[in-house]
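A short worksheet on the structure shown next.
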Protein chains: 2
Amino acid sequence: MSESGFLHDVGKIVGANGLIVDKQQMRPYLTDWRGLETGTALAVVRPTTTEQVSEVLKIASANGVAVVPQGGNTGLAYATVNQSASPSILLSMSRMNAVRAVDRVGMTMHVEAGCVLLAAKQAALAVGRQLPISLASEGSAQIGGVIAANAGGVNVVRHGMARDHVLGLEVVLADGTVVGGLRALRKDNAGYNWSQWFIGAEGTLGVVTAAILRLSPLPRHTVVAMMSVPSSQAALDLLALVQDELGDTIVAFELLADASLALVETHFGLKRPIAAAPWHVLIEAQSSVNGLREAFEVALAKAFESGLAQDGVLAESETQALNLWALREHITEAEQREGPSAKHDVSVPISSVPAFLERAQAAVAREIPGARFNPFGHLGDGNIHFNVLLPQGQLAKTANEIVHALVIDMGGSVSAEHGIGRYRRDALRQMRSPAELGLMGGLKKLLDPLGQMNPGAVLSSPQSDAGRRG
Amino acid sequence: MSESGFLHDVGKIVGANGLIVDKQQMRPYLTDWRGLETGTALAVVRPTTTEQVSEVLKIASANGVAVVPQGGNTGLAYATVNQSASPSILLSMSRMNAVRAVDRVGMTMHVEAGCVLLAAKQAALAVGRQLPISLASEGSAQIGGVIAANAGGVNVVRHGMARDHVLGLEVVLADGTVVGGLRALRKDNAGYNWSQWFIGAEGTLGVVTAAILRLSPLPRHTVVAMMSVPSSQAALDLLALVQDELGDTIVAFELLADASLALVETHFGLKRPIAAAPWHVLIEAQSSVNGLREAFEVALAKAFESGLAQDGVLAESETQALNLWALREHITEAEQREGPSAKHDVSVPISSVPAFLERAQAAVAREIPGARFNPFGHLGDGNIHFNVLLPQGQLAKTANEIVHALVIDMGGSVSAEHGIGRYRRDALRQMRSPAELGLMGGLKKLLDPLGQMNPGAVLSSPQSDAGRRG
């Protein structure tokens, strides 16, 4: 079939509003969230039903057209735009955005893939429950993408990754087969849990069209504090102390370099509310039980006594709490304004974070004179965004190589929460054994034998590699 | 190779202590936990290292000998003994039982598959952390089996299934390939998370040899209460009330029929500590924050005011708490002593539990005059053991069929936590669509092309069916 004949047939399935072929209109879909890379597509296709997704995938498959699913296009690994030589369509899920049902007592939610994360969270709050996935991009990120990326965020220390919130999925396979698993069951040990295969697969195995998510009770009390600590080891010891004292009330435990706060002050005028110190931690605790604040104060006092903390501030109001969080949330953009940087999304065993920070700074400083450091992130998960501010003319590549080699050497991951996408395929091959890559390649071939789902993302294929070289 | 030649070679790998061929000594391994069924094996093979597992699987594969992995043999779905016509060995993991490492701050544990669950839990407690998987069989169940079964238990409402505690696995595939994924990382979005494929696969895709488990902080306060409620709907409303009032401090929310407590009194002399009522609930809450008990008392008062609870007792000591739990824990054995029963391990959406209970009792009573009911279980997970005490001469089959048909009709699962094994293969085919079974069969064929891993469990094969008929 000709390209125009194919697009005509796609248009018949999704309707005129569902098909974008105008280059100008396609541009936002085909541009990476960071604005650094662009891709190609014959069209942007915007289905409104699972049946439409199935029909589109069927004729795409029959015509040798690849399919790249896209949610809110907020990913940071360049997973949602085709760069291969394969002709492709970009499948935008944004019109399938309904919250189909929320069950307060059963604590489940049935949502379509294109539902924006924030809308899903608000629907949970409306019945007095929470969907505790908290991302900077939650106003744009869509549930399907959150699942395909196995998104993390700031509450993983308590609530886990996106995977931990998925009870069941509906997916459409490359050949158009709809596989339904939208069961609102907390326990369901009936055969292999195939939903798990698609979580974190970044759209390379099929398209997630809908999900049943697990909700959580809503806590009644929240405490937010920021503390100055003398070293990253002290920050780690403080983590152990609050685990001992406050248990699983800890929902966030973030590490911030003093340099991170300095950047935020320089570019946004937000001053650090506590004494300068090599490192700071931002802690949030939640509970349904009265007495959280008192327990937190006890823990704080112990931290001061033992020298783990040098200064600290406990938010006295919701506004103060938001202001403390604002310091954390402005780091990425402050870094952006400061100049070019090498970004990393790495994890190591939590106990190894201090050693990692020390070794990484030493190694980068040795190879890149003039490099400055902006390390921050989720210490409670061992996930550090070890970002390096680069001297003029210095490319990110060297810093990436040094940091990634060290992370792999320390048993860590160079993609803690952002995924592999098209940015980190080479790193994946370094991190995983031939046996592991064999399993991944086997599943890919099983579910997508023609290699038409999101070609070039996660796993390389001769086709997609050719595309990148061409 | 001859059978004796094969066993000779296996013996060379695992040593004399690792090979059992004596029929008498093999019997406990080849007998189902319930003592109802037995299987066959050429030998029981007890490796001590992953390398031995790999070598054994290699020569088994080369000789067309099936491999049935077994942990503590505490499963309730008959998943760990071969009944097919294939010659097989039973691979007992019990000698690979080390706790290799416990990381208090990182809250991870590295264990071998044969480590008994209770030993793993104690190793976590020894460093002030917990592994919150609570099973009646935890003194015998082994970690590898817990993972292969995706075990549930009484704390799922708060802590999730076994799957939620696994960070990484090491597995050996049917052909002897060792796949290592023992990474102690909370976040690791690097390619497909193949560990997930093996969780709940009941040993049909490979052998789990070791795992990295996620630990949790240890709560400082525990409250246990039992309450009488007028109806199962009131029990459900009470669940919503405690979710509102006490949030995720709720670690167990168990439903008990008055008949269940009557059986426990009859056979064990344990009296119910509260007024008789149609239903009772047993609730456990935990927190690190002082004030849990006061919050619980407030919730209890609200439950009385609103008529959701008629009577209640809050444990005043650890002994009283254990006594309340003893009532719950003796139900299964009391039922056993009462006589033959049809057992069910079903789940429905939590909100549908009252409707399920009503419909199931009516349907069974209609078809089986004289049937009595012993429904109890994990209301907080929608998982009810809807057991039916059978009149003399009545087989379980009819009750099973009625209950399973209803559960499937209500969007539930006939295997909430016990798994499919060899008992529920037919039910699996009723519960899952051809598309879903196609995915499962595809993965099985990908990882075990010769069908030698635990043949006849979970998925049928012509070979294993022939075995059952033969």
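FYI, nothing fancy with the structure tokens labels: chains A, B, ... in order, residues from 1 per chain, ligands from 1 as they appear.
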What residues in chain A have any atom no more than 6 Å from chain B when counting only C-alpha atoms, and can you write them as a PDB file with N, CA and C atoms, in the first residue's frame?
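Output below, filename part19.pdb:
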```pdb
ATOM      1  N   VAL A 105     -13.393   2.205  48.813  1.00  0.00           N
ATOM      2  CA  VAL A 105     -13.154   1.143  49.793  1.00  0.00           C
ATOM      3  C   VAL A 105     -12.163   0.118  49.261  1.00  0.00           C
ATOM      4  N   GLY A 106     -12.337  -0.233  47.989  1.00  0.00           N
ATOM      5  CA  GLY A 106     -11.429  -1.207  47.385  1.00  0.00           C
ATOM      6  C   GLY A 106     -10.067  -0.596  47.081  1.00  0.00           C
ATOM      7  N   VAL A 179      -4.889  -7.553  24.722  1.00  0.00           N
ATOM      8  CA  VAL A 179      -4.777  -8.461  25.863  1.00  0.00           C
ATOM      9  C   VAL A 179      -5.328  -7.731  27.083  1.00  0.00           C
ATOM     10  N   ALA A 184      -9.459  -5.740  39.135  1.00  0.00           N
ATOM     11  CA  ALA A 184      -9.252  -4.903  40.328  1.00  0.00           C
ATOM     12  C   ALA A 184      -9.017  -5.791  41.546  1.00  0.00           C
ATOM     13  N   LEU A 185      -8.003  -6.643  41.456  1.00  0.00           N
ATOM     14  CA  LEU A 185      -7.738  -7.632  42.506  1.00  0.00           C
ATOM     15  C   LEU A 185      -6.388  -7.364  43.155  1.00  0.00           C
ATOM     16  N   ARG A 186      -6.389  -7.384  44.483  1.00  0.00           N
ATOM     17  CA  ARG A 186      -5.137  -7.213  45.215  1.00  0.00           C
ATOM     18  C   ARG A 186      -4.277  -8.461  45.162  1.00  0.00           C
ATOM     19  N   LYS A 187      -4.928  -9.581  45.061  1.00  0.00           N
ATOM     20  CA  LYS A 187      -4.227 -10.869  45.033  1.00  0.00           C
ATOM     21  C   LYS A 187      -4.793 -11.671  43.865  1.00  0.00           C
ATOM     22  N   ASP A 188      -3.917 -12.143  43.016  1.00  0.00           N
ATOM     23  CA  ASP A 188      -4.397 -12.847  41.826  1.00  0.00           C
ATOM     24  C   ASP A 188      -3.276 -13.710  41.264  1.00  0.00           C
ATOM     25  N   ASN A 189      -2.987 -14.806  41.954  1.00  0.00           N
ATOM     26  CA  ASN A 189      -1.881 -15.674  41.548  1.00  0.00           C
ATOM     27  C   ASN A 189      -2.340 -16.722  40.548  1.00  0.00           C
ATOM     28  N   ALA A 190      -2.807 -16.253  39.417  1.00  0.00           N
ATOM     29  CA  ALA A 190      -3.311 -17.180  38.401  1.00  0.00           C
ATOM     30  C   ALA A 190      -2.418 -17.108  37.171  1.00  0.00           C
ATOM     31  N   TYR A 192       1.178 -16.710  34.908  1.00  0.00           N
ATOM     32  CA  TYR A 192       2.207 -15.684  34.854  1.00  0.00           C
ATOM     33  C   TYR A 192       1.563 -14.304  34.836  1.00  0.00           C
ATOM     34  N   ALA A 201       8.880  -1.288  30.073  1.00  0.00           N
ATOM     35  CA  ALA A 201       9.361  -1.743  28.762  1.00  0.00           C
ATOM     36  C   ALA A 201       9.372  -0.609  27.738  1.00  0.00           C
ATOM     37  N   PRO A 217      -4.359   4.758  51.470  1.00  0.00           N
ATOM     38  CA  PRO A 217      -5.078   5.670  52.366  1.00  0.00           C
ATOM     39  C   PRO A 217      -4.379   7.027  52.386  1.00  0.00           C
ATOM     40  N   PRO A 219      -2.874  10.028  54.407  1.00  0.00           N
ATOM     41  CA  PRO A 219      -2.400  10.332  55.763  1.00  0.00           C
ATOM     42  C   PRO A 219      -3.050  11.622  56.283  1.00  0.00           C
ATOM     43  N   ALA A 240      19.401   6.274  58.601  1.00  0.00           N
ATOM     44  CA  ALA A 240      19.234   5.124  59.494  1.00  0.00           C
ATOM     45  C   ALA A 240      18.538   5.540  60.785  1.00  0.00           C
ATOM     46  N   GLN A 243      14.889   6.032  60.128  1.00  0.00           N
ATOM     47  CA  GLN A 243      14.263   4.712  59.944  1.00  0.00           C
ATOM     48  C   GLN A 243      13.990   4.072  61.300  1.00  0.00           C
ATOM     49  N   LEU A 246      11.335   6.763  63.197  1.00  0.00           N
ATOM     50  CA  LEU A 246      10.071   7.156  62.557  1.00  0.00           C
ATOM     51  C   LEU A 246       9.531   6.124  61.582  1.00  0.00           C
ATOM     52  N   GLY A 247      10.307   5.037  61.397  1.00  0.00           N
ATOM     53  CA  GLY A 247       9.833   3.918  60.599  1.00  0.00           C
ATOM     54  C   GLY A 247       9.356   4.335  59.224  1.00  0.00           C
ATOM     55  N   ASP A 248       8.240   3.733  58.814  1.00  0.00           N
ATOM     56  CA  ASP A 248       7.804   3.992  57.455  1.00  0.00           C
ATOM     57  C   ASP A 248       6.899   5.218  57.349  1.00  0.00           C
ATOM     58  N   SER A 288      -1.161   8.843  59.857  1.00  0.00           N
ATOM     59  CA  SER A 288      -2.549   9.093  60.242  1.00  0.00           C
ATOM     60  C   SER A 288      -2.670   9.277  61.746  1.00  0.00           C
ATOM     61  N   VAL A 289      -1.558   9.116  62.451  1.00  0.00           N
ATOM     62  CA  VAL A 289      -1.609   9.106  63.909  1.00  0.00           C
ATOM     63  C   VAL A 289      -1.110  10.444  64.456  1.00  0.00           C
ATOM     64  N   ASN A 290      -1.864  11.020  65.365  1.00  0.00           N
ATOM     65  CA  ASN A 290      -1.404  12.186  66.120  1.00  0.00           C
ATOM     66  C   ASN A 290      -0.074  11.859  66.784  1.00  0.00           C
ATOM     67  N   GLY A 291       0.801  12.851  66.851  1.00  0.00           N
ATOM     68  CA  GLY A 291       2.056  12.602  67.548  1.00  0.00           C
ATOM     69  C   GLY A 291       3.226  12.470  66.606  1.00  0.00           C
ATOM     70  N   LEU A 292       2.949  12.592  65.294  1.00  0.00           N
ATOM     71  CA  LEU A 292       4.040  12.500  64.329  1.00  0.00           C
ATOM     72  C   LEU A 292       5.070  13.611  64.555  1.00  0.00           C
ATOM     73  N   PRO A 349      23.768   0.795  45.745  1.00  0.00           N
ATOM     74  CA  PRO A 349      23.195   0.384  47.027  1.00  0.00           C
ATOM     75  C   PRO A 349      23.229   1.575  47.989  1.00  0.00           C
ATOM     76  N   ILE A 350      22.142   1.794  48.713  1.00  0.00           N
ATOM     77  CA  ILE A 350      21.998   2.995  49.535  1.00  0.00           C
ATOM     78  C   ILE A 350      23.232   3.231  50.409  1.00  0.00           C
ATOM     79  N   SER A 351      23.739   2.152  51.010  1.00  0.00           N
ATOM     80  CA  SER A 351      24.879   2.275  51.917  1.00  0.00           C
ATOM     81  C   SER A 351      26.144   2.743  51.204  1.00  0.00           C
ATOM     82  N   ASP A 381      16.531   6.189  48.342  1.00  0.00           N
ATOM     83  CA  ASP A 381      16.484   5.116  47.341  1.00  0.00           C
ATOM     84  C   ASP A 381      17.858   4.811  46.753  1.00  0.00           C
ATOM     85  N   SER A 413      23.273   1.226  38.922  1.00  0.00           N
ATOM     86  CA  SER A 413      22.558   1.337  37.656  1.00  0.00           C
ATOM     87  C   SER A 413      22.736   2.745  37.111  1.00  0.00           C
ATOM     88  N   SER A 415      20.713   3.875  34.953  1.00  0.00           N
ATOM     89  CA  SER A 415      19.362   4.383  34.754  1.00  0.00           C
ATOM     90  C   SER A 415      18.510   3.961  35.938  1.00  0.00           C
ATOM     91  N   ALA A 416      18.507   4.783  36.957  1.00  0.00           N
ATOM     92  CA  ALA A 416      17.754   4.443  38.158  1.00  0.00           C
ATOM     93  C   ALA A 416      16.270   4.587  37.917  1.00  0.00           C
ATOM     94  N   GLU A 417      15.860   5.728  37.361  1.00  0.00           N
ATOM     95  CA  GLU A 417      14.426   5.948  37.203  1.00  0.00           C
ATOM     96  C   GLU A 417      14.021   6.501  35.848  1.00  0.00           C
ATOM     97  N   GLY A 419      14.967   5.475  32.735  1.00  0.00           N
ATOM     98  CA  GLY A 419      14.837   4.504  31.658  1.00  0.00           C
ATOM     99  C   GLY A 419      16.001   4.548  30.682  1.00  0.00           C
ATOM    100  N   ILE A 420      15.982   3.621  29.732  1.00  0.00           N
ATOM    101  CA  ILE A 420      17.053   3.481  28.743  1.00  0.00           C
ATOM    102  C   ILE A 420      16.766   4.316  27.504  1.00  0.00           C
ATOM    103  N   ALA A 435      23.533 -13.130  29.224  1.00  0.00           N
ATOM    104  CA  ALA A 435      22.361 -13.944  29.585  1.00  0.00           C
ATOM    105  C   ALA A 435      21.137 -13.059  29.802  1.00  0.00           C
TER     106      ALA A 435
END
```
### Task
From a DSSP pass on the backbone, collect the residues of segment 239-467 of chain A flagged as alpha helix (DSSP H) and hand them back as a VMD selection string.
chain A and resid 239 to 246 258 to 268 292 to 305 318 to 329 331 to 338 353 to 367 396 to 409 425 to 431 434 to 447 462 to 467
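Separating atom CA of Glu51 of chain B from atom CA of Val171 of chain B is a distance of 11.1 Å.
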task: Name all residues at most 9 Å from segment 340-344 of chain A (count only C-alpha atoms; drop same-chain ones fewer than 6 positions away) and give them as an MDAnalysis selection string.
output: chainID A and resid 384:392 394:400 403:404 414:415
Shell around Pro28 of chain A at 12 Å using only C-alpha atoms, local window under 2 positions removed, as a tab-separated table (two decimals) with N, CA and C atoms, in the first residue's frame:
```
chain	number	residue	atom	x	y	z
A	20	ILE	N	-2.81	13.67	12.47
A	20	ILE	CA	-2.06	14.90	12.21
A	20	ILE	C	-0.94	14.56	11.25
A	22	ASP	N	0.34	17.42	9.29
A	22	ASP	CA	1.00	18.71	9.09
A	22	ASP	C	2.30	18.78	9.91
A	23	LYS	N	3.38	19.09	9.21
A	23	LYS	CA	4.71	19.05	9.86
A	23	LYS	C	4.78	19.99	11.08
A	24	GLN	N	4.20	21.17	10.92
A	24	GLN	CA	4.23	22.15	12.00
A	24	GLN	C	3.48	21.62	13.23
A	25	GLN	N	2.30	21.04	12.97
A	25	GLN	CA	1.50	20.51	14.08
A	25	GLN	C	2.15	19.28	14.71
A	26	MET	N	2.90	18.56	13.92
A	26	MET	CA	3.55	17.35	14.45
A	26	MET	C	4.77	17.66	15.31
A	30	LEU	N	7.14	15.42	18.06
A	30	LEU	CA	8.37	14.80	17.55
A	30	LEU	C	9.63	15.43	18.14
A	31	THR	N	9.42	16.30	19.12
A	31	THR	CA	10.56	16.91	19.79
A	31	THR	C	10.66	16.40	21.22
A	32	ASP	N	11.85	15.99	21.56
A	32	ASP	CA	12.20	15.51	22.89
A	32	ASP	C	11.82	16.55	23.95
A	33	TRP	N	11.45	16.09	25.15
A	33	TRP	CA	11.06	16.96	26.27
A	33	TRP	C	12.12	18.02	26.55
A	34	ARG	N	13.39	17.61	26.41
A	34	ARG	CA	14.47	18.57	26.68
A	34	ARG	C	14.73	19.48	25.49
A	35	GLY	N	14.05	19.20	24.36
A	35	GLY	CA	14.23	20.04	23.18
A	35	GLY	C	15.55	19.80	22.46
A	37	GLU	N	16.47	16.80	20.82
A	37	GLU	CA	16.46	15.88	19.69
A	37	GLU	C	15.09	15.85	19.03
A	38	THR	N	15.09	15.56	17.75
A	38	THR	CA	13.81	15.43	17.04
A	38	THR	C	13.81	14.11	16.29
A	39	GLY	N	12.61	13.67	15.95
A	39	GLY	CA	12.47	12.42	15.22
A	39	GLY	C	11.53	12.60	14.05
A	40	THR	N	11.19	11.49	13.47
A	40	THR	CA	10.33	11.54	12.28
A	40	THR	C	9.11	10.68	12.47
A	44	VAL	N	1.07	11.77	13.22
A	44	VAL	CA	0.73	11.57	14.62
A	44	VAL	C	-0.71	11.07	14.65
A	70	GLN	N	3.28	7.27	22.62
A	70	GLN	CA	3.72	8.44	23.39
A	70	GLN	C	2.62	8.89	24.35
A	72	GLY	N	2.67	11.79	27.74
A	72	GLY	CA	2.84	13.23	27.87
A	72	GLY	C	4.15	13.75	27.28
A	73	ASN	N	4.93	12.84	26.73
A	73	ASN	CA	6.23	13.20	26.13
A	73	ASN	C	7.12	13.92	27.15
A	74	THR	N	7.08	13.47	28.40
A	74	THR	CA	7.90	14.09	29.44
A	74	THR	C	9.12	13.23	29.80
A	80	THR	N	10.42	8.20	23.11
A	80	THR	CA	9.11	8.27	22.45
A	80	THR	C	9.11	8.93	21.08
A	81	VAL	N	10.26	9.03	20.47
A	81	VAL	CA	10.28	9.56	19.11
A	81	VAL	C	11.20	8.69	18.25
A	90	LEU	N	3.58	8.06	15.07
A	90	LEU	CA	3.64	8.32	16.50
A	90	LEU	C	2.21	8.17	17.04
A	92	SER	N	-0.13	8.87	19.76
A	92	SER	CA	-0.35	9.69	20.95
A	92	SER	C	-1.59	9.20	21.68
```
As a PyMOL selection string, which residues of segment 68-280 of chain A does DSSP assign to strand (DSSP E or B)?
chain A and resi 68-70+88-92+99-103+108-112+116+129-130+142+166-172+178-180+207-214+216-217+221-229+250-257+279-280
**Message:** Can you pull out the residues contacting Arg359 of chain B? Cut-off 9 Å, using only C-alpha atoms, and skip same-chain residues under 5 positions away; I want them as a PyMOL selection string.
**Reply:** chain B and resi 354+364+406
Ala259 of chain B environment, 10 Å, only C-alpha atoms, sequence neighbours closer than 6 positions dropped, as a PyMOL selection string:
chain B and resi 265+276-279+331+372-376
Those residues you just picked out, can you put them in a file as an mmCIF file, in the first residue's frame with all heavy atoms?
```cif
data_model
loop_
_atom_site.group_PDB
_atom_site.id
_atom_site.type_symbol
_atom_site.label_atom_id
_atom_site.label_comp_id
_atom_site.auth_asym_id
_atom_site.auth_seq_id
_atom_site.Cartn_x
_atom_site.Cartn_y
_atom_site.Cartn_z
ATOM 1 N N GLU B 265 -13.545 -23.070 68.873
ATOM 2 C CA GLU B 265 -13.923 -23.375 70.264
ATOM 3 C C GLU B 265 -14.166 -24.876 70.439
ATOM 4 O O GLU B 265 -13.677 -25.492 71.384
ATOM 5 C CB GLU B 265 -15.168 -22.580 70.675
ATOM 6 C CG GLU B 265 -15.579 -22.872 72.116
ATOM 7 C CD GLU B 265 -16.564 -21.851 72.691
ATOM 8 O OE1 GLU B 265 -16.830 -20.839 72.014
ATOM 9 O OE2 GLU B 265 -17.054 -22.094 73.802
ATOM 10 N N ALA B 276 -21.137 -13.048 70.490
ATOM 11 C CA ALA B 276 -21.424 -13.724 69.233
ATOM 12 C C ALA B 276 -22.109 -12.731 68.301
ATOM 13 O O ALA B 276 -22.850 -11.849 68.735
ATOM 14 C CB ALA B 276 -22.323 -14.933 69.479
ATOM 15 N N ALA B 277 -21.815 -12.848 67.032
ATOM 16 C CA ALA B 277 -22.382 -11.961 66.016
ATOM 17 C C ALA B 277 -22.163 -12.675 64.687
ATOM 18 O O ALA B 277 -21.349 -13.599 64.621
ATOM 19 C CB ALA B 277 -21.673 -10.611 66.029
ATOM 20 N N PRO B 278 -22.850 -12.274 63.641
ATOM 21 C CA PRO B 278 -22.675 -12.999 62.376
ATOM 22 C C PRO B 278 -21.221 -13.015 61.894
ATOM 23 O O PRO B 278 -20.746 -14.005 61.365
ATOM 24 C CB PRO B 278 -23.568 -12.222 61.402
ATOM 25 C CG PRO B 278 -24.627 -11.601 62.271
ATOM 26 C CD PRO B 278 -23.928 -11.270 63.559
ATOM 27 N N TRP B 279 -20.512 -11.932 62.101
ATOM 28 C CA TRP B 279 -19.140 -11.850 61.620
ATOM 29 C C TRP B 279 -18.254 -11.169 62.658
ATOM 30 O O TRP B 279 -18.735 -10.415 63.500
ATOM 31 C CB TRP B 279 -19.066 -11.046 60.310
ATOM 32 C CG TRP B 279 -19.811 -11.678 59.179
ATOM 33 C CD1 TRP B 279 -21.117 -11.448 58.843
ATOM 34 C CD2 TRP B 279 -19.320 -12.639 58.245
ATOM 35 N NE1 TRP B 279 -21.464 -12.203 57.764
ATOM 36 C CE2 TRP B 279 -20.378 -12.955 57.368
ATOM 37 C CE3 TRP B 279 -18.083 -13.274 58.065
ATOM 38 C CZ2 TRP B 279 -20.239 -13.862 56.323
ATOM 39 C CZ3 TRP B 279 -17.952 -14.180 57.022
ATOM 40 C CH2 TRP B 279 -19.020 -14.470 56.169
ATOM 41 N N ILE B 331 -8.186 -21.729 62.740
ATOM 42 C CA ILE B 331 -9.388 -22.021 61.947
ATOM 43 C C ILE B 331 -9.164 -23.193 60.988
ATOM 44 O O ILE B 331 -9.972 -24.115 60.907
ATOM 45 C CB ILE B 331 -9.854 -20.777 61.156
ATOM 46 C CG1 ILE B 331 -10.298 -19.669 62.123
ATOM 47 C CG2 ILE B 331 -11.006 -21.144 60.223
ATOM 48 C CD1 ILE B 331 -10.650 -18.361 61.431
ATOM 49 N N ARG B 372 -22.358 -26.724 55.277
ATOM 50 C CA ARG B 372 -22.152 -25.646 56.256
ATOM 51 C C ARG B 372 -20.963 -24.813 55.792
ATOM 52 O O ARG B 372 -20.135 -25.290 55.015
ATOM 53 C CB ARG B 372 -21.902 -26.244 57.644
ATOM 54 C CG ARG B 372 -23.163 -26.924 58.226
ATOM 55 C CD ARG B 372 -22.852 -27.594 59.559
ATOM 56 N NE ARG B 372 -21.792 -28.593 59.420
ATOM 57 C CZ ARG B 372 -20.841 -28.828 60.330
ATOM 58 N NH1 ARG B 372 -20.814 -28.109 61.452
ATOM 59 N NH2 ARG B 372 -19.935 -29.753 60.142
ATOM 60 N N PHE B 373 -20.877 -23.603 56.306
ATOM 61 C CA PHE B 373 -19.898 -22.666 55.742
ATOM 62 C C PHE B 373 -18.866 -22.220 56.771
ATOM 63 O O PHE B 373 -19.188 -21.998 57.930
ATOM 64 C CB PHE B 373 -20.619 -21.456 55.158
ATOM 65 C CG PHE B 373 -21.558 -21.847 54.049
ATOM 66 C CD1 PHE B 373 -22.918 -22.044 54.303
ATOM 67 C CD2 PHE B 373 -21.077 -22.076 52.774
ATOM 68 C CE1 PHE B 373 -23.768 -22.451 53.289
ATOM 69 C CE2 PHE B 373 -21.927 -22.474 51.752
ATOM 70 C CZ PHE B 373 -23.285 -22.665 52.017
ATOM 71 N N ASN B 374 -17.631 -22.106 56.297
ATOM 72 C CA ASN B 374 -16.547 -21.604 57.139
ATOM 73 C C ASN B 374 -15.742 -20.569 56.351
ATOM 74 O O ASN B 374 -14.578 -20.774 56.021
ATOM 75 C CB ASN B 374 -15.654 -22.778 57.575
ATOM 76 C CG ASN B 374 -14.519 -22.310 58.481
ATOM 77 O OD1 ASN B 374 -14.667 -21.327 59.210
ATOM 78 N ND2 ASN B 374 -13.385 -22.998 58.418
ATOM 79 N N PRO B 375 -16.374 -19.433 56.049
ATOM 80 C CA PRO B 375 -15.675 -18.416 55.270
ATOM 81 C C PRO B 375 -14.854 -17.493 56.167
ATOM 82 O O PRO B 375 -15.351 -17.001 57.172
ATOM 83 C CB PRO B 375 -16.810 -17.650 54.593
ATOM 84 C CG PRO B 375 -17.995 -17.843 55.488
ATOM 85 C CD PRO B 375 -17.758 -19.055 56.349
ATOM 86 N N PHE B 376 -13.604 -17.282 55.807
ATOM 87 C CA PHE B 376 -12.733 -16.395 56.581
ATOM 88 C C PHE B 376 -11.618 -15.949 55.655
ATOM 89 O O PHE B 376 -11.443 -16.501 54.565
ATOM 90 C CB PHE B 376 -12.148 -17.132 57.795
ATOM 91 C CG PHE B 376 -11.256 -18.278 57.410
ATOM 92 C CD1 PHE B 376 -9.877 -18.129 57.323
ATOM 93 C CD2 PHE B 376 -11.790 -19.523 57.109
ATOM 94 C CE1 PHE B 376 -9.051 -19.190 56.951
ATOM 95 C CE2 PHE B 376 -10.974 -20.594 56.728
ATOM 96 C CZ PHE B 376 -9.614 -20.416 56.655
#
```
With a distance cut-off of 7 Å and only C-alpha atoms, select the neighbouring residues of Asn454 of chain A, excluding the residue or stretch itself and same-chain residues fewer than 5 positions from it, and output the selection as an mmCIF file with all heavy atoms, in the first residue's frame.
```
data_model
loop_
_atom_site.group_PDB
_atom_site.id
_atom_site.type_symbol
_atom_site.label_atom_id
_atom_site.label_comp_id
_atom_site.auth_asym_id
_atom_site.auth_seq_id
_atom_site.Cartn_x
_atom_site.Cartn_y
_atom_site.Cartn_z
ATOM 1 N N ALA A 66 6.315 1.151 11.562
ATOM 2 C CA ALA A 66 6.584 1.044 13.001
ATOM 3 C C ALA A 66 5.645 1.954 13.788
ATOM 4 O O ALA A 66 5.065 2.897 13.236
ATOM 5 C CB ALA A 66 8.033 1.423 13.299
ATOM 6 N N VAL A 67 5.481 1.632 15.077
ATOM 7 C CA VAL A 67 4.585 2.402 15.943
ATOM 8 C C VAL A 67 5.355 2.848 17.191
ATOM 9 O O VAL A 67 5.937 2.023 17.889
ATOM 10 C CB VAL A 67 3.366 1.555 16.367
ATOM 11 C CG1 VAL A 67 2.498 2.326 17.352
ATOM 12 C CG2 VAL A 67 2.561 1.133 15.145
ATOM 13 N N VAL A 68 5.333 4.144 17.444
ATOM 14 C CA VAL A 68 5.990 4.690 18.631
ATOM 15 C C VAL A 68 4.920 5.277 19.546
ATOM 16 O O VAL A 68 4.346 6.316 19.245
ATOM 17 C CB VAL A 68 7.019 5.771 18.242
ATOM 18 C CG1 VAL A 68 7.653 6.361 19.492
ATOM 19 C CG2 VAL A 68 8.076 5.188 17.324
ATOM 20 N N ASN A 82 10.711 8.338 17.084
ATOM 21 C CA ASN A 82 11.457 7.450 16.201
ATOM 22 C C ASN A 82 12.641 8.162 15.549
ATOM 23 O O ASN A 82 12.502 9.247 15.009
ATOM 24 C CB ASN A 82 10.526 6.934 15.100
ATOM 25 C CG ASN A 82 11.220 5.931 14.201
ATOM 26 O OD1 ASN A 82 12.090 5.189 14.662
ATOM 27 N ND2 ASN A 82 10.837 5.903 12.944
ATOM 28 N N GLY A 203 7.327 0.971 25.924
ATOM 29 C CA GLY A 203 6.561 0.897 24.678
ATOM 30 C C GLY A 203 7.172 0.029 23.601
ATOM 31 O O GLY A 203 6.760 0.076 22.446
ATOM 32 N N THR A 204 8.144 -0.797 23.971
ATOM 33 C CA THR A 204 8.794 -1.626 22.955
ATOM 34 C C THR A 204 8.154 -2.997 22.799
ATOM 35 O O THR A 204 8.520 -3.756 21.907
ATOM 36 C CB THR A 204 10.282 -1.849 23.293
ATOM 37 O OG1 THR A 204 10.370 -2.531 24.557
ATOM 38 C CG2 THR A 204 11.033 -0.525 23.379
#
```
